[in-house]
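Asker: Sending over target-v6.pdb (PDB, C-alpha atoms).
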MODEL        1
ATOM      1  CA  MET A 193      10.420  54.667  40.683
ATOM      2  CA  LYS A 194       9.692  54.886  44.411
ATOM      3  CA  ALA A 195      12.445  53.561  46.656
ATOM      4  CA  ILE A 196      13.438  53.498  50.318
ATOM      5  CA  THR A 197      16.909  55.023  50.608
ATOM      6  CA  TYR A 198      19.439  56.037  53.227
ATOM      7  CA  ARG A 199      22.615  58.067  52.911
ATOM      8  CA  GLY A 200      24.062  57.511  56.362
ATOM      9  CA  PHE A 201      23.778  55.192  59.348
ATOM     10  CA  GLY A 202      21.312  55.831  62.156
ATOM     11  CA  PRO A 203      17.837  55.109  63.532
ATOM     12  CA  ALA A 204      15.347  54.070  60.850
ATOM     13  CA  SER A 205      13.056  57.013  61.524
ATOM     14  CA  ASP A 206      15.970  59.409  61.015
ATOM     15  CA  VAL A 207      17.713  58.010  57.954
ATOM     16  CA  LEU A 208      15.149  56.144  55.846
ATOM     17  CA  ASP A 209      13.499  58.237  53.131
ATOM     18  CA  LEU A 210      10.948  57.341  50.480
ATOM     19  CA  THR A 211      12.278  58.993  47.338
ATOM     20  CA  ASP A 212      11.905  59.031  43.553
ATOM     21  CA  ILE A 213      14.921  57.730  41.666
ATOM     22  CA  PRO A 214      15.364  56.575  38.058
ATOM     23  CA  THR A 215      14.199  53.060  37.279
ATOM     24  CA  PRO A 216      17.299  50.984  36.467
ATOM     25  CA  ASP A 217      17.931  49.292  33.132
ATOM     26  CA  PRO A 218      19.107  45.673  33.181
ATOM     27  CA  ALA A 219      22.747  45.398  32.132
ATOM     28  CA  SER A 220      24.190  42.453  30.250
ATOM     29  CA  GLY A 221      23.359  39.259  32.129
ATOM     30  CA  GLU A 222      20.792  41.003  34.324
ATOM     31  CA  VAL A 223      17.027  41.015  34.731
ATOM     32  CA  LEU A 224      14.756  43.867  35.776
ATOM     33  CA  VAL A 225      12.284  42.718  38.436
ATOM     34  CA  ARG A 226       9.137  44.594  39.372
ATOM     35  CA  VAL A 227       9.214  44.033  43.134
ATOM     36  CA  HIS A 228       5.933  42.947  44.724
ATOM     37  CA  ALA A 229       7.230  42.177  48.223
ATOM     38  CA  SER A 230      10.408  43.075  50.124
ATOM     39  CA  GLY A 231      11.544  40.983  53.093
ATOM     40  CA  ILE A 232      13.366  42.622  56.010
ATOM     41  CA  ASN A 233      15.949  40.581  57.903
ATOM     42  CA  PRO A 234      17.962  41.409  61.049
ATOM     43  CA  SER A 235      21.048  41.816  58.864
ATOM     44  CA  ASP A 236      19.261  44.566  56.915
ATOM     45  CA  VAL A 237      18.528  46.633  60.011
ATOM     46  CA  LYS A 238      22.034  46.097  61.383
ATOM     47  CA  LEU A 239      23.532  47.348  58.129
ATOM     48  CA  ARG A 240      21.271  50.418  58.146
ATOM     49  CA  SER A 241      22.030  51.239  61.776
ATOM     50  CA  GLY A 242      25.802  50.858  61.334
ATOM     51  CA  ALA A 243      25.887  48.177  64.046
ATOM     52  CA  ARG A 244      28.474  46.025  62.296
ATOM     53  CA  PRO A 245      32.035  46.408  63.652
ATOM     54  CA  GLY A 246      34.002  48.815  61.459
ATOM     55  CA  ALA A 247      30.899  49.716  59.468
ATOM     56  CA  VAL A 248      31.351  52.287  56.705
ATOM     57  CA  MET A 249      28.933  53.453  54.028
ATOM     58  CA  GLN A 250      30.058  51.515  50.961
ATOM     59  CA  PHE A 251      27.878  53.566  48.625
ATOM     60  CA  PRO A 252      26.626  57.194  48.698
ATOM     61  CA  THR A 253      22.991  56.034  48.552
ATOM     62  CA  ILE A 254      21.662  52.624  49.577
ATOM     63  CA  ILE A 255      18.331  50.925  48.931
ATOM     64  CA  PRO A 256      18.082  48.297  51.701
ATOM     65  CA  HIS A 257      16.897  44.668  51.853
ATOM     66  CA  SER A 258      18.372  41.565  50.281
ATOM     67  CA  ASP A 259      15.210  39.446  50.031
ATOM     68  CA  GLY A 260      12.203  40.006  47.827
ATOM     69  CA  ALA A 261       9.892  38.626  45.167
ATOM     70  CA  GLY A 262       8.250  39.923  42.029
ATOM     71  CA  VAL A 263       7.969  39.559  38.263
ATOM     72  CA  ILE A 264      10.669  39.942  35.610
ATOM     73  CA  GLU A 265       9.725  42.846  33.329
ATOM     74  CA  ALA A 266      12.827  43.109  31.139
ATOM     75  CA  VAL A 267      16.107  41.309  30.485
ATOM     76  CA  GLY A 268      19.576  42.422  29.518
ATOM     77  CA  GLN A 269      21.776  41.113  26.745
ATOM     78  CA  GLY A 270      22.495  37.420  27.018
ATOM     79  CA  VAL A 271      19.417  36.580  29.103
ATOM     80  CA  ASP A 272      16.648  34.440  27.618
ATOM     81  CA  PRO A 273      13.749  36.790  26.681
ATOM     82  CA  ALA A 274      11.379  34.009  27.732
ATOM     83  CA  ARG A 275      12.093  35.015  31.338
ATOM     84  CA  VAL A 276       9.980  38.168  30.897
ATOM     85  CA  GLY A 277       6.793  37.653  32.902
ATOM     86  CA  GLU A 278       8.337  35.008  35.179
ATOM     87  CA  ARG A 279       7.518  35.107  38.884
ATOM     88  CA  VAL A 280      10.762  35.045  40.928
ATOM     89  CA  TRP A 281      12.226  35.268  44.401
ATOM     90  CA  ILE A 282      15.451  37.200  44.948
ATOM     91  CA  TRP A 283      18.615  36.531  46.942
ATOM     92  CA  ASN A 284      21.526  38.849  47.879
ATOM     93  CA  GLY A 285      19.634  41.849  46.513
ATOM     94  CA  GLN A 286      21.697  44.278  48.586
ATOM     95  CA  TRP A 287      24.731  42.116  49.408
ATOM     96  CA  GLN A 288      27.783  44.121  48.271
ATOM     97  CA  ARG A 289      25.423  46.107  46.049
ATOM     98  CA  ALA A 290      23.990  49.606  46.476
ATOM     99  CA  PHE A 291      20.392  48.885  45.534
ATOM    100  CA  GLY A 292      18.299  46.176  47.189
ATOM    101  CA  THR A 293      14.642  45.151  47.070
ATOM    102  CA  GLY A 294      13.198  48.099  49.023
ATOM    103  CA  ALA A 295      12.004  49.714  45.786
ATOM    104  CA  GLU A 296       9.517  49.255  42.991
ATOM    105  CA  TYR A 297      12.197  47.762  40.719
ATOM    106  CA  ILE A 298      15.565  46.070  41.051
ATOM    107  CA  ALA A 299      18.063  45.134  38.336
ATOM    108  CA  LEU A 300      20.391  42.288  39.277
ATOM    109  CA  PRO A 301      22.184  39.242  37.806
ATOM    110  CA  SER A 302      19.770  36.778  36.254
ATOM    111  CA  ASP A 303      20.767  33.867  38.500
ATOM    112  CA  GLN A 304      19.803  35.913  41.584
ATOM    113  CA  ALA A 305      16.171  35.829  40.447
ATOM    114  CA  VAL A 306      14.893  32.287  41.041
ATOM    115  CA  HIS A 307      11.637  30.862  39.705
ATOM    116  CA  LEU A 308       8.752  31.235  42.178
ATOM    117  CA  PRO A 309       5.957  28.694  41.689
ATOM    118  CA  GLU A 310       2.332  29.792  41.588
ATOM    119  CA  THR A 311       1.859  27.805  44.808
ATOM    120  CA  THR A 312       3.748  30.531  46.689
ATOM    121  CA  SER A 313       2.717  34.159  47.204
ATOM    122  CA  PHE A 314       5.099  37.048  46.637
ATOM    123  CA  ALA A 315       5.107  37.799  50.380
ATOM    124  CA  GLU A 316       6.099  34.200  51.085
ATOM    125  CA  GLY A 317       8.762  34.324  48.385
ATOM    126  CA  ALA A 318      10.251  37.363  50.120
ATOM    127  CA  CYS A 319      11.117  35.097  53.083
ATOM    128  CA  PHE A 320      13.303  32.781  51.072
ATOM    129  CA  GLY A 321      16.659  34.367  50.247
ATOM    130  CA  ILE A 322      18.125  34.475  53.756
ATOM    131  CA  PRO A 323      15.969  32.489  56.237
ATOM    132  CA  ALA A 324      14.984  29.504  54.111
ATOM    133  CA  MET A 325      18.320  29.120  52.338
ATOM    134  CA  THR A 326      20.217  29.431  55.638
ATOM    135  CA  ALA A 327      18.102  26.644  57.090
ATOM    136  CA  TRP A 328      18.642  24.425  54.054
ATOM    137  CA  TYR A 329      22.411  24.966  54.021
ATOM    138  CA  ALA A 330      22.785  24.380  57.759
ATOM    139  CA  LEU A 331      21.012  21.049  57.375
ATOM    140  CA  PHE A 332      22.134  19.697  54.005
ATOM    141  CA  ALA A 333      25.496  21.336  53.178
ATOM    142  CA  ASP A 334      27.374  18.075  53.651
ATOM    143  CA  GLY A 335      24.811  15.522  52.536
ATOM    144  CA  PRO A 336      21.515  13.810  53.435
ATOM    145  CA  ILE A 337      20.246  13.735  57.014
ATOM    146  CA  THR A 338      17.926  10.758  56.669
ATOM    147  CA  ASP A 339      17.482   8.912  59.991
ATOM    148  CA  GLN A 340      19.627  11.443  61.867
ATOM    149  CA  THR A 341      18.541  13.265  65.006
ATOM    150  CA  VAL A 342      18.705  17.042  64.606
ATOM    151  CA  LEU A 343      18.498  19.699  67.297
ATOM    152  CA  VAL A 344      17.311  23.101  66.083
ATOM    153  CA  THR A 345      17.972  25.788  68.677
ATOM    154  CA  GLY A 346      15.501  28.658  68.558
ATOM    155  CA  GLY A 347      12.858  26.808  66.562
ATOM    156  CA  ALA A 348      10.460  29.759  66.624
ATOM    157  CA  GLY A 349      12.916  32.025  64.803
ATOM    158  CA  THR A 350      12.736  32.679  61.078
ATOM    159  CA  VAL A 351      15.603  30.302  60.288
ATOM    160  CA  GLY A 352      14.735  27.848  63.037
ATOM    161  CA  ARG A 353      11.134  27.403  61.922
ATOM    162  CA  TYR A 354      12.204  26.573  58.376
ATOM    163  CA  ALA A 355      14.925  24.263  59.726
ATOM    164  CA  CYS A 356      12.378  22.298  61.773
ATOM    165  CA  GLN A 357      10.246  21.755  58.671
ATOM    166  CA  MET A 358      13.126  20.940  56.343
ATOM    167  CA  ALA A 359      14.778  18.516  58.755
ATOM    168  CA  ALA A 360      11.519  16.560  58.979
ATOM    169  CA  LEU A 361      11.161  16.636  55.187
ATOM    170  CA  GLY A 362      14.732  15.322  54.973
ATOM    171  CA  GLY A 363      13.830  12.272  57.031
ATOM    172  CA  ALA A 364      15.368  13.332  60.335
ATOM    173  CA  ARG A 365      14.020  13.286  63.857
ATOM    174  CA  VAL A 366      13.646  16.915  64.977
ATOM    175  CA  ILE A 367      14.001  18.349  68.477
ATOM    176  CA  THR A 368      13.895  22.093  69.032
ATOM    177  CA  THR A 369      14.357  24.592  71.846
ATOM    178  CA  VAL A 370      11.914  27.428  72.515
ATOM    179  CA  SER A 371      11.045  29.807  75.348
ATOM    180  CA  SER A 372       7.265  29.316  75.574
ATOM    181  CA  ASP A 373       4.337  27.116  74.578
ATOM    182  CA  VAL A 374       3.296  29.728  72.012
ATOM    183  CA  LYS A 375       6.697  29.569  70.349
ATOM    184  CA  ALA A 376       6.662  25.781  70.468
ATOM    185  CA  ALA A 377       3.412  25.783  68.510
ATOM    186  CA  HIS A 378       4.863  28.310  66.049
ATOM    187  CA  SER A 379       7.944  26.133  65.437
ATOM    188  CA  GLY A 380       5.764  23.245  64.312
ATOM    189  CA  ALA A 381       8.108  20.688  65.896
ATOM    190  CA  SER A 382       6.511  17.778  67.740
ATOM    191  CA  GLU A 383       9.419  17.453  70.201
ATOM    192  CA  TRP A 384      10.520  20.586  71.998
ATOM    193  CA  ILE A 385      12.289  21.804  75.115
ATOM    194  CA  ASN A 386      11.627  25.042  76.992
ATOM    195  CA  TYR A 387      15.163  26.282  77.572
ATOM    196  CA  ARG A 388      13.978  28.749  80.203
ATOM    197  CA  LYS A 389      12.584  25.988  82.402
ATOM    198  CA  GLN A 390      14.637  22.911  81.494
ATOM    199  CA  ASP A 391      18.275  21.916  81.299
ATOM    200  CA  VAL A 392      18.619  21.497  77.536
ATOM    201  CA  ALA A 393      21.473  18.982  77.568
ATOM    202  CA  GLN A 394      19.753  16.811  80.158
ATOM    203  CA  ALA A 395      16.405  17.002  78.391
ATOM    204  CA  VAL A 396      17.882  16.077  75.004
ATOM    205  CA  MET A 397      19.777  13.151  76.462
ATOM    206  CA  GLU A 398      16.585  11.904  78.116
ATOM    207  CA  LEU A 399      14.637  12.227  74.842
ATOM    208  CA  THR A 400      17.330  10.306  72.962
ATOM    209  CA  ASP A 401      17.951   7.635  75.636
ATOM    210  CA  GLY A 402      21.447   9.002  76.181
ATOM    211  CA  ALA A 403      22.442   8.932  72.509
ATOM    212  CA  GLY A 404      22.474  12.678  71.847
ATOM    213  CA  VAL A 405      22.061  14.274  68.431
ATOM    214  CA  ASP A 406      23.857  14.016  65.095
ATOM    215  CA  ARG A 407      23.505  17.663  64.071
ATOM    216  CA  ILE A 408      22.742  20.999  65.673
ATOM    217  CA  VAL A 409      21.397  23.984  63.749
ATOM    218  CA  GLU A 410      22.673  26.702  66.074
ATOM    219  CA  VAL A 411      21.293  30.213  66.570
ATOM    220  CA  ASP A 412      23.745  31.279  69.329
ATOM    221  CA  PHE A 413      27.018  29.385  69.385
ATOM    222  CA  ALA A 414      28.497  31.087  72.452
ATOM    223  CA  ALA A 415      25.440  30.836  74.690
ATOM    224  CA  ASN A 416      24.801  27.187  73.841
ATOM    225  CA  GLN A 417      28.355  25.849  73.543
ATOM    226  CA  PRO A 418      28.395  23.938  76.871
ATOM    227  CA  ALA A 419      25.071  22.232  76.175
ATOM    228  CA  SER A 420      26.017  21.547  72.559
ATOM    229  CA  LEU A 421      29.247  19.846  73.570
ATOM    230  CA  ALA A 422      27.420  17.716  76.104
ATOM    231  CA  LEU A 423      24.733  16.472  73.735
ATOM    232  CA  ILE A 424      26.429  16.215  70.326
ATOM    233  CA  ARG A 425      27.360  12.698  69.285
ATOM    234  CA  PRO A 426      30.956  11.816  68.330
ATOM    235  CA  GLY A 427      31.394  12.721  64.669
ATOM    236  CA  GLY A 428      28.457  15.115  64.768
ATOM    237  CA  THR A 429      28.114  18.543  63.158
ATOM    238  CA  ILE A 430      27.251  21.918  64.640
ATOM    239  CA  ALA A 431      26.149  24.329  61.913
ATOM    240  CA  SER A 432      25.993  27.799  63.449
ATOM    241  CA  TYR A 433      24.725  30.935  61.745
ATOM    242  CA  ALA A 434      24.988  33.345  64.701
ATOM    243  CA  SER A 435      26.613  34.022  68.064
ATOM    244  CA  ALA A 436      24.914  37.216  69.178
ATOM    245  CA  SER A 437      25.487  36.741  72.908
ATOM    246  CA  GLN A 438      29.258  36.812  72.410
ATOM    247  CA  MET A 439      30.816  37.602  69.042
ATOM    248  CA  LYS A 440      34.237  36.207  70.018
ATOM    249  CA  PRO A 441      33.465  33.208  72.232
ATOM    250  CA  GLU A 442      36.163  31.157  73.910
ATOM    251  CA  LEU A 443      36.244  27.795  72.144
ATOM    252  CA  ASP A 444      36.455  24.518  74.063
ATOM    253  CA  PHE A 445      38.782  23.166  71.399
ATOM    254  CA  TYR A 446      39.772  19.857  72.981
ATOM    255  CA  GLY A 447      36.225  19.151  74.096
ATOM    256  CA  PHE A 448      35.092  19.255  70.483
ATOM    257  CA  MET A 449      38.269  17.621  69.174
ATOM    258  CA  PHE A 450      37.932  14.516  71.323
ATOM    259  CA  LYS A 451      34.384  14.100  70.028
ATOM    260  CA  ASN A 452      35.570  14.586  66.436
ATOM    261  CA  VAL A 453      32.931  17.303  66.000
ATOM    262  CA  ARG A 454      32.695  19.376  62.847
ATOM    263  CA  LEU A 455      32.040  23.069  63.479
ATOM    264  CA  HIS A 456      30.557  24.855  60.484
ATOM    265  CA  MET A 457      30.250  28.633  60.849
ATOM    266  CA  LEU A 458      28.078  29.614  57.910
ATOM    267  CA  ILE A 459      26.758  32.716  56.217
ATOM    268  CA  VAL A 460      24.246  32.353  53.426
ATOM    269  CA  TYR A 461      25.612  35.321  51.449
ATOM    270  CA  GLN A 462      28.778  33.353  50.671
ATOM    271  CA  LEU A 463      27.355  30.119  49.292
ATOM    272  CA  ASP A 464      29.234  28.750  46.306
ATOM    273  CA  ALA A 465      27.279  28.496  43.060
ATOM    274  CA  ALA A 466      26.977  24.690  43.098
ATOM    275  CA  ALA A 467      25.588  24.591  46.644
ATOM    276  CA  ARG A 468      23.168  27.399  45.886
ATOM    277  CA  ARG A 469      21.828  25.627  42.781
ATOM    278  CA  ARG A 470      21.259  22.475  44.859
ATOM    279  CA  GLY A 471      19.450  24.494  47.483
ATOM    280  CA  GLU A 472      17.332  26.350  44.951
ATOM    281  CA  ALA A 473      16.309  23.064  43.330
ATOM    282  CA  GLN A 474      15.299  21.478  46.636
ATOM    283  CA  LEU A 475      13.456  24.558  47.883
ATOM    284  CA  GLY A 476      11.698  24.863  44.539
ATOM    285  CA  ALA A 477      10.543  21.250  44.694
ATOM    286  CA  TRP A 478       9.155  21.747  48.195
ATOM    287  CA  LEU A 479       7.345  24.886  47.070
ATOM    288  CA  GLU A 480       5.801  23.074  44.125
ATOM    289  CA  GLN A 481       4.576  20.401  46.536
ATOM    290  CA  GLY A 482       3.249  22.949  49.026
ATOM    291  CA  ALA A 483       5.405  21.237  51.633
ATOM    292  CA  LEU A 484       6.578  24.376  53.462
ATOM    293  CA  SER A 485       4.618  26.842  55.548
ATOM    294  CA  HIS A 486       5.818  30.433  55.804
ATOM    295  CA  ALA A 487       5.579  32.921  58.665
ATOM    296  CA  VAL A 488       4.890  36.296  57.042
ATOM    297  CA  VAL A 489       4.481  39.395  59.208
ATOM    298  CA  PRO A 490       2.731  42.023  57.015
ATOM    299  CA  ALA A 491       4.113  45.510  57.674
ATOM    300  CA  GLY A 492       2.335  47.706  55.134
ATOM    301  CA  ASN A 493       3.960  49.290  52.091
ATOM    302  CA  LEU A 494       7.105  51.307  51.406
ATOM    303  CA  THR A 495       5.787  54.286  53.371
ATOM    304  CA  ASN A 496       5.900  52.088  56.489
ATOM    305  CA  ALA A 497       9.580  51.154  56.132
ATOM    306  CA  ALA A 498      10.799  52.885  59.311
ATOM    307  CA  LYS A 499       8.132  51.214  61.443
ATOM    308  CA  ALA A 500       8.892  47.868  59.811
ATOM    309  CA  HIS A 501      12.594  48.213  60.632
ATOM    310  CA  ALA A 502      11.661  49.050  64.221
ATOM    311  CA  MET A 503       9.582  45.857  64.398
ATOM    312  CA  VAL A 504      12.580  43.782  63.372
ATOM    313  CA  GLU A 505      14.901  45.551  65.818
ATOM    314  CA  ALA A 506      12.450  45.057  68.686
ATOM    315  CA  GLY A 507      12.329  41.336  67.969
ATOM    316  CA  GLN A 508       8.651  41.252  68.868
ATOM    317  CA  LYS A 509       7.468  39.257  65.885
ATOM    318  CA  LEU A 510       7.256  35.618  64.870
ATOM    319  CA  GLY A 511       8.219  35.476  61.225
ATOM    320  CA  THR A 512       9.697  37.616  58.477
ATOM    321  CA  VAL A 513       8.583  41.239  58.331
ATOM    322  CA  VAL A 514       7.474  41.926  54.745
ATOM    323  CA  LEU A 515       6.622  45.170  52.966
ATOM    324  CA  GLU A 516       4.162  45.130  50.084
ATOM    325  CA  VAL A 517       5.523  47.088  47.113
TER     326      VAL A 517
ENDMDL
END
Do you think you could lay out the structure here as structure tokens?
Answerer:
Amino acid sequence: MKAITYRGFGPASDVLDLTDIPTPDPASGEVLVRVHASGINPSDVKLRSGARPGAVMQFPTIIPHSDGAGVIEAVGQGVDPARVGERVWIWNGQWQRAFGTGAEYIALPSDQAVHLPETTSFAEGACFGIPAMTAWYALFADGPITDQTVLVTGGAGTVGRYACQMAALGGARVITTVSSDVKAAHSGASEWINYRKQDVAQAVMELTDGAGVDRIVEVDFAANQPASLALIRPGGTIASYASASQMKPELDFYGFMFKNVRLHMLIVYQLDAAARRRGEAQLGAWLEQGALSHAVVPAGNLTNAAKAHAMVEAGQKLGTVVLEV
């Protein structure tokens, strides 16, 4: 099979190769998926570049990308043969594994290949494993959000855009922050604040008549901590999936303590099985209903992998960069 591989860290154009390697066989409990689309996330390019602190090559050869979608072509022992021919989306394809979705085929545990309804394209399904599930978990990890007010920071981002949609579907009032009118339109939120031109805390308090918000889906904990503390309601939750501006921020412990705020630092790779099944069921229902829109950035096929990685690193895209396989 054709596969994108790398054998050392470095710039995409230097280390990514399109090579021929043997097609894997599904082991016991696994399925073999013919990949139709491979999604590229910021975590994928950081892993390939060696940008993570203390990064080491865990495997001699790596096929990148954790997200993807395709069709099950074979099953291993113990897996229902009826799954052959099923359309699926994939999660954690390359999490603690050598071979991800950047190839024509991937063999992985059966539960990591989730049913993809006909209402959703393979390219759209390749957006689901990290961005959509992160958004769902940040919003619903600890229960319903009906009638709550939710602030989504960075609503034009891949996670933020899904979070804006899902919060509204969950019955919440949604406010988001963006940096331009174009990004406000992309977020889809009806209430938004331009954080480059407005004081976010002041603007949110004005929008909520001084009440603040019940939950924040946070894209940069360090950068937004002062505003978050000012506008979160007592007993509220801040669910943060990144802190790129400062990886070890100084925490205003007593500020949050005296508001009885719950801080949830989350990473979608580590979801427990029960939470993941709940998320898969809810996402699947929304897909069946056609309730979600997806921001796909087409980036060509496997031969364009280096350019696609560069697109993600440059951050000059609105949506998930997807390779057709």
Asker: Apply the PyMOL selection byres ((chain A and resi 482) around 12) to the structure shown and report the selected residues as a list in words.
Answerer: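 Selection result, ordered by chain and number: Pro309, Glu310, Thr311, Thr312, Ser313, Glu316, Gln357, Leu361, Leu475, Gly476, Ala477, Trp478, Leu479, Glu480, Gln481, Ala483, Leu484, Ser485 and His486 of chain A.
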Asker: For each of A:Ala381, A:Ala434, A:Val366, A:Val306, take the minimum atom-to-atom distance to Arg469 (chain A), counting all atoms listed in the file, then give the residue where this is smallest.
Answerer: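 Once distances to Arg469 (chain A) are computed over all atoms listed in the file, the minimum belongs to A:Val306.
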Asker: Need the neighbours of (17.2, 29.7, 57.0): which residues are at most 7 Å away, counting all atoms listed in the file, as a compact mmCIF listing (two decimals) with C-alpha atoms, in the coordinates of the input?
Answerer:
# COMPACT_ATOMS: atom_id res chain seq x y z
CA ILE A 322 18.12 34.48 53.76
CA PRO A 323 15.97 32.49 56.24
CA ALA A 324 14.98 29.50 54.11
CA MET A 325 18.32 29.12 52.34
CA THR A 326 20.22 29.43 55.64
CA ALA A 327 18.10 26.64 57.09
CA TRP A 328 18.64 24.42 54.05
CA THR A 350 12.74 32.68 61.08
CA VAL A 351 15.60 30.30 60.29
CA GLY A 352 14.74 27.85 63.04
CA TYR A 354 12.20 26.57 58.38
CA ALA A 355 14.92 24.26 59.73
Asker: Carefully work through the PyMOL selection byres ((chain A and resi 225) around 6) for this structure and note down the residues it includes, as an MDAnalysis selection string.
Answerer: chainID A and resid 224 226:227 263:265 297:298
Asker: So what do you get for CA of Ala266 (chain A) versus CA of Ala305 (chain A), distance-wise?
Answerer: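 Going from CA of Ala266 (chain A) over to CA of Ala305 (chain A) covers 12.3 Å.
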Asker: Which is closest to Ala377 (chain A) among A:Gly321, A:Gly347, A:Pro490, A:Gly402, if we use all atoms listed in the file?
Answerer: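 The closest residue to Ala377 (chain A) is A:Gly347.
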Asker: Applied to this file, what does the PyMOL selection byres ((chain A and resi 211) around 12) return in terms of residues, put as number ranges by chain?
Answerer: A: 193-199, 207-210, 212-215, 253-255, 294-296, 494-495
Asker: Deliver the residues from the most recent selection as a file, using C-alpha atoms, as a PDB file, keeping the file's coordinate frame.
Answerer:
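Okay, this is what ended up in part-v6.pdb:
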ATOM      1  CA  MET A 193      10.420  54.667  40.683  1.00  0.00           C
ATOM      2  CA  LYS A 194       9.692  54.886  44.411  1.00  0.00           C
ATOM      3  CA  ALA A 195      12.445  53.561  46.656  1.00  0.00           C
ATOM      4  CA  ILE A 196      13.438  53.498  50.318  1.00  0.00           C
ATOM      5  CA  THR A 197      16.909  55.023  50.608  1.00  0.00           C
ATOM      6  CA  TYR A 198      19.439  56.037  53.227  1.00  0.00           C
ATOM      7  CA  ARG A 199      22.615  58.067  52.911  1.00  0.00           C
ATOM      8  CA  VAL A 207      17.713  58.010  57.954  1.00  0.00           C
ATOM      9  CA  LEU A 208      15.149  56.144  55.846  1.00  0.00           C
ATOM     10  CA  ASP A 209      13.499  58.237  53.131  1.00  0.00           C
ATOM     11  CA  LEU A 210      10.948  57.341  50.480  1.00  0.00           C
ATOM     12  CA  ASP A 212      11.905  59.031  43.553  1.00  0.00           C
ATOM     13  CA  ILE A 213      14.921  57.730  41.666  1.00  0.00           C
ATOM     14  CA  PRO A 214      15.364  56.575  38.058  1.00  0.00           C
ATOM     15  CA  THR A 215      14.199  53.060  37.279  1.00  0.00           C
ATOM     16  CA  THR A 253      22.991  56.034  48.552  1.00  0.00           C
ATOM     17  CA  ILE A 254      21.662  52.624  49.577  1.00  0.00           C
ATOM     18  CA  ILE A 255      18.331  50.925  48.931  1.00  0.00           C
ATOM     19  CA  GLY A 294      13.198  48.099  49.023  1.00  0.00           C
ATOM     20  CA  ALA A 295      12.004  49.714  45.786  1.00  0.00           C
ATOM     21  CA  GLU A 296       9.517  49.255  42.991  1.00  0.00           C
ATOM     22  CA  LEU A 494       7.105  51.307  51.406  1.00  0.00           C
ATOM     23  CA  THR A 495       5.787  54.286  53.371  1.00  0.00           C
TER      24      THR A 495
END
Asker: Write out as a PyMOL selection string the residues lying within 9 Å of Val514 (chain A), counting all atoms listed in the file and excluding same-chain residues fewer than 6 positions away.
Answerer: chain A and resi 229-232+260+315-316+318-319+488-493+500
Asker: At most 9 Å from (10.7, 27.4, 74.1), file frame, all atoms listed in the file: which residues, as a ChimeraX atom specification?
Answerer: /A:346-348,368-376,384-389
Asker: Would you compute the distance between CA of Met358 (chain A) and CA of His501 (chain A)? Give it in Å to one decimal.
Answerer: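 Those two atoms sit 27.6 Å apart.
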